[in-house]
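Just below is one structure, and these are the notes that go with it.
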Amino acid sequence: MTEPREAGTPFSGRTAWAQGLSTPLREFLRTETGSAMILLAATLAALVWANAGPSSYEAVWRTVLSIRLDGLDVSQDLRQWVNNGLMTFFFFVVGLEARREFDMGELRDRRRLVLPLVAGVGGMAVPVAIYLTVNAGSPSAHGWGAAMSTDTAFALGMLALFGARFPARLRTYLLTVTVVDDLVALGVITIFYSERVVPSALLAAAGIFAVILLVRAAGVRRGLPYALLGAAAWVALLKSGVEPIVIGLAMGLLTYASPAARGDLARATDLFRLFREQPTPELARSASVGLASTISPNERLQQLYHPWVSYLVVPLFALSNAGVTISGEFLARALTSPITLGILLAYVVGKPVGVIGASWLVTRLSRGRVRPPVGWASVAAGGTIAGIGFTVSLLIATLAFDGPQLEEAKLGILTAALCAPLMTWAVYRVTALLPKRLRIRALLGTAESIVDLAASVDPDRDHVRGPRDAPVTVVEYGDFECPYCGQAEQVVRELLADLGDVRYVWRHLPLHDVHPYAQLAAEAAEAAAEQGAFWEMHDLLLDHQDELRVRDLIGYAGELGLDVERFRDSLRGHAGAARVAEDIDSADLSGVSGTPTFFVNGRRHHGAYDVATLSAAVRAARARAALRT
C-alpha cells in the first residue's frame with residue numbers, strides 16, 4: 001500500500017497509512033503562514049469598505065440575527081455572532097495546539113514549560129504596564145487588555161515573509177509563547193471584560209462542563225455528544241454574562257494528542273484487507289472507523305477545524321472589526337490620543353522588551369540550565385514580531401471601548417501590526433552584518449535539543465556508514481520493501497557524497513503487515529552482516545525491492561561472494577530476528593510508526609527528505625554541534 005509521488009514534488013511520502021501522522025506542528029505552521037495573506041486581504045477590505053461606505057459597513061454588521069428554540073432565545077447582531085460565536089472555534093484550535101504541545105511538542109519536557117510561560121507573561125505584563133502609564137488617571141485605562149495579546153496567525157505569517165532566514169525552531173518557540181499569551185488573554189476576557197454575571201446561568205454552564213468531563217472519563221470518542229454539550233455550555237455562558245468563547249479553549253485543552261501506535265496501524269491494515277476481500281458497507285464502515293481511530297482526537301480535530309478557522313473565521317473577524325473610517329480630523333485626534341499611543345507603544349516597545357527580558361531573566365536565574373531553543377537574535381526577532389496584536393486585541397477592544405475610543409484603539413492596533421514586521425526585518429539585517437560564527441550563534445543559540453531518538457547510536461552495535469566521529473549522525477528507520485525507502489536511499493547516497501562529515505545509520509523497521517517480505521529481507525541483511533557485508537546486501541536489497549523472496553536473497557549472497565550455505569542456515573534459523581526485533585523496539589520507544597523516518601543528531605526530522613531539505617537539516621545540526629565545541 002503506497003501512494004505515488006507526483007513529478008517535481010519533494011520526497012515526503014511514507015507507507016500510505018503512516019503518511020502525515022507525525023507532522024502536526026509543521027502543518028499548523030504552514031496553515032498559519034498561508035492564512036496571513038488572507039487575513040491581510042480581509043483587513044484591507046474592511047478598511048476600504050468602512051471608508052467607501054461607512055453607513056453600509058455598520059448597517060451590515062449590526063444586523064440582528066435571532067435563534068429561537070422552544071422558548072430559548074439567542075439574539076445578537078452579526079458582529080457579535082462572529083466575535084463570541086465563530087471565535088469560539090478560534091480558541092478551540094488554540095486549546096488543541098496548547099494540548100498538542102504539552103503532550104507531543106516542545107513542552108512535553110516539563111522543564112521547558114517555564115521559559116515560554118514566563119516569556120509569554122512578560123510579553124504581556126510589560127505592554128500592559130506601558131499602556132497604563134500612558135493612560136494613567138484616564139477612564140481609558142480600563143482598556144489595558146487590548147494592549148497585550150499577540151496574533152499567532154499574523155505573527156507566524158509575517159515572520160515567514162520578513163524573517164525567512166531565521167531558524168525554524170524560532171517559529172516553534174514563538175508558537176509556544178503565543179499559546180501562553182492566548183490562554184492568559186482569554187482569562188483576562190473572562191474575568192475583566194465579561195458583563196454582569198448571572199449566577200444561575202453560570203452554575204448551569206459549570207454543570208454542563210462537569211457532564212463533559214464525565215463523558216470524557218467514560219471513554220466516549222464520538223464527536224456528536226461533545227458538540228451538543230459544548231453548544232449547550234456556550235449558550236449557558238452567553239446567558240451568564242461570561243464571554244462564551246472560554247468553552248472553546250476548555251474543550252480544546254481536554255482533547256489529548258498522541259502519536260499513532262504501530263499496533264493500531266496494523267489493526268487498521270487488517271480491517272482494510274477484510275474490506276478489500278469483501279467490499280461490503282459494513283466492512284467499509286469498520287475500516288473507516290479503524291483508520292480514524294489510529295489518529296489521536298487532537299490531530300483529527302486540528303485537521304478538520306484549523307483550516308476553517310485560519311481561512312474563514314479569523315478573516316471574517318477582521319472584516320467585521322477592522323473597519324476604521326479615516327479622515328484628517330480623526331488622524332489628528334487619534335495620533336495624540338493616549339489610547340492609540342498606549343497601544344502602539346505597548347506593542348512596538350513593550351512586546352520586544354517583555355519577551356526578550358523575560359527570556360533573559362529565566363536564563364540568568366537558572367544559570368543557563370533553562371534557555372531559549374534559539375539564539376538571542378532570534379529571540380529578539382520573536383519579540384518584535386509578537387508586536388502584531390490583531391485578532392484578540394481587536395476582540396478585547398470591542399469589549400472595552402465603543403464609539404470614537406474604539407476607532408482610536410483600532411488605529412493603534414493596525415499601526416503596530418504594520419511596524420512589527422519592519423522591526424523584525426531590521427533585526428535580521430543587523431544580524432546579517434555579524435561575522436559568520438557569531439551570526440550562527442546569534443541565530444541558533446547553544447541550547448540542547450530535545451532528543452527524540454530513544455536508543456542512542458552505538459557504533460559497536462549499529463550499522464554505520466561514514467566517519468565514526470562525524471559531528472552529525474543521521475539515523476533512518478527503514479523497510480527494504482518500502483518504495484519510499486528506495487527513493488530515500490538515492491537521497492542518502494547524494495547526501496553522504498556531498499557532505500563528508502556525516503555518519504549514517506540504518507535501523508530495521510519491517511512493516512510486515514503491508515510488506516510481506518520485509519522481515520525476511522531484514523534478516524538477510526543481518527545474515528550478510530555476519531560475514532562483514534551488511535552494506536553491500538543493504539544496497540542490493542534496496543535496488544531490487546520487488547525481488548525479495550528466499551531464492552532472490554540467496555542469489556544476492558552468491559553475487560556478493562558470501563558463504564551461501566552459512567547464509568542459508570542463518571536465514572533458515574532466523575539468526576538475525578533478535579537483532580531486527582531490537583531495532584523495532586527502539587522504533588516503538590521513539591514513536592516511529594512508518595518508513596522512512598529520519599533522526600538528525602537525535603532530533604526527529606519532519607517533512608520532506610529530498611537532498612535540499614535533508615542537507616539543510618544536516619547543516620543546521622552541524623552548526624549547532626560546532627557551537628558547543
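So you can find residues: chains in the C-alpha cells are A, B, ... in the order shown, residues in each start at 1, and ligands are numbered from 1 in order.
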>> Among stretch 320-493 of chain A, which ones does DSSP assign to helix (DSSP H, G or I) (computed from the backbone)? Answer as a PyMOL selection string.
In response: chain A and resi 320-321+328-334+338-365+376-385+391-400+403-432+436-444+483-493
> What's the 7 Å shell around stretch 87-92 of chain A, counting only C-alpha atoms, without same-chain residues fewer than 6 positions away, as a ChimeraX atom specification?
Replying inline: /A:245,248-249,251-252,309,313
Store the residues of this selection in a file with N, CA, C and O atoms, as a PDB file, in the first residue's frame.
ATOM      1  N   ILE A 245     -16.709  32.332  24.592  1.00  0.00           N
ATOM      2  CA  ILE A 245     -15.587  31.739  23.852  1.00  0.00           C
ATOM      3  C   ILE A 245     -14.692  30.894  24.760  1.00  0.00           C
ATOM      4  O   ILE A 245     -13.913  30.071  24.272  1.00  0.00           O
ATOM      5  N   GLY A 248     -14.633  27.158  24.166  1.00  0.00           N
ATOM      6  CA  GLY A 248     -13.815  26.645  23.071  1.00  0.00           C
ATOM      7  C   GLY A 248     -12.436  26.246  23.553  1.00  0.00           C
ATOM      8  O   GLY A 248     -11.938  25.159  23.236  1.00  0.00           O
ATOM      9  N   LEU A 249     -11.812  27.120  24.324  1.00  0.00           N
ATOM     10  CA  LEU A 249     -10.482  26.816  24.854  1.00  0.00           C
ATOM     11  C   LEU A 249     -10.524  25.599  25.771  1.00  0.00           C
ATOM     12  O   LEU A 249      -9.668  24.711  25.687  1.00  0.00           O
ATOM     13  N   MET A 251     -12.598  23.061  25.807  1.00  0.00           N
ATOM     14  CA  MET A 251     -12.794  21.824  25.044  1.00  0.00           C
ATOM     15  C   MET A 251     -11.511  21.428  24.319  1.00  0.00           C
ATOM     16  O   MET A 251     -11.175  20.248  24.230  1.00  0.00           O
ATOM     17  N   GLY A 252     -10.790  22.408  23.818  1.00  0.00           N
ATOM     18  CA  GLY A 252      -9.523  22.099  23.144  1.00  0.00           C
ATOM     19  C   GLY A 252      -8.493  21.517  24.093  1.00  0.00           C
ATOM     20  O   GLY A 252      -7.789  20.561  23.756  1.00  0.00           O
ATOM     21  N   VAL A 309     -10.811  27.757  10.522  1.00  0.00           N
ATOM     22  CA  VAL A 309     -10.554  28.900  11.404  1.00  0.00           C
ATOM     23  C   VAL A 309      -9.596  29.880  10.745  1.00  0.00           C
ATOM     24  O   VAL A 309      -9.821  31.102  10.753  1.00  0.00           O
ATOM     25  N   VAL A 313     -12.813  31.921   9.565  1.00  0.00           N
ATOM     26  CA  VAL A 313     -13.266  32.559  10.807  1.00  0.00           C
ATOM     27  C   VAL A 313     -12.460  33.818  11.116  1.00  0.00           C
ATOM     28  O   VAL A 313     -13.028  34.900  11.325  1.00  0.00           O
TER      29      VAL A 313
END
> Any idea what the distance is between atom CA of A:Glu299 and atom CA of A:Leu96?
Replying inline: 8.3 Å
>> As an exercise, work out the distance from atom CA of A:Thr473 to atom CA of A:Asn601 in Å and give it to one decimal place.
In response: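 Calculated distance between atom CA of A:Thr473 and atom CA of A:Asn601 is 5.1 Å.
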>> Please return, as a ChimeraX atom specification, all residues of stretch 338-486 of chain A that DSSP assigns to strand (DSSP E or B) on the basis of the backbone.
In response: /A:463-465,472-478
Find the residues of stretch 404-499 of chain A that sit at most 9 Å from stretch 137-157 of chain A; for each, write down the nearest two atoms and how far apart they are in Å, to one decimal. Count only C-alpha atoms. Sort by chain, then by number going up, and give it as JSON lines.
{"residue": "A:Gln405", "atom": "CA", "partner": "A:Ser140", "partner_atom": "CA", "distance": 8.1}
{"residue": "A:Ala409", "atom": "CA", "partner": "A:Ala146", "partner_atom": "CA", "distance": 7.9}
{"residue": "A:Ile413", "atom": "CA", "partner": "A:Ala147", "partner_atom": "CA", "distance": 8.1}
{"residue": "A:Ala417", "atom": "CA", "partner": "A:Phe154", "partner_atom": "CA", "distance": 8.5}
{"residue": "A:Ala420", "atom": "CA", "partner": "A:Ala155", "partner_atom": "CA", "distance": 8.8}
{"residue": "A:Pro421", "atom": "CA", "partner": "A:Ala155", "partner_atom": "CA", "distance": 8.2}
> Pick the closest to A:Tyr305 from A:Arg79, A:Arg566, A:Gly95, A:Arg604: which is it, counting only C-alpha atoms?
Replying inline: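 Counting only C-alpha atoms, the residue closest to A:Tyr305 is A:Gly95.
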>> Which residues are near A:Val349? Cut-off 9 Å, only C-alpha atoms, ignore same chain within fewer than 2 positions. Put them as a list in words.
In response: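 Counting only C-alpha atoms, the residues come to Val126, Pro127, Ile130, Leu344, Leu345, Ala346, Tyr347, Lys351, Pro352, Val353, Gly354, Thr384 and Gly387 of chain A.
The space between atom CA of A:Leu301 and atom CA of A:Tyr256 spans 10.6 Å.
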>> Using only C-alpha atoms, which protein or nucleic acid residues come within 12 Å of A:Leu214? Drop anything in the same chain fewer than 6 positions from it, and give the result as an NGL selection string.
In response: :A and (207-208 or 220 or 225-226 or 229 or 254)
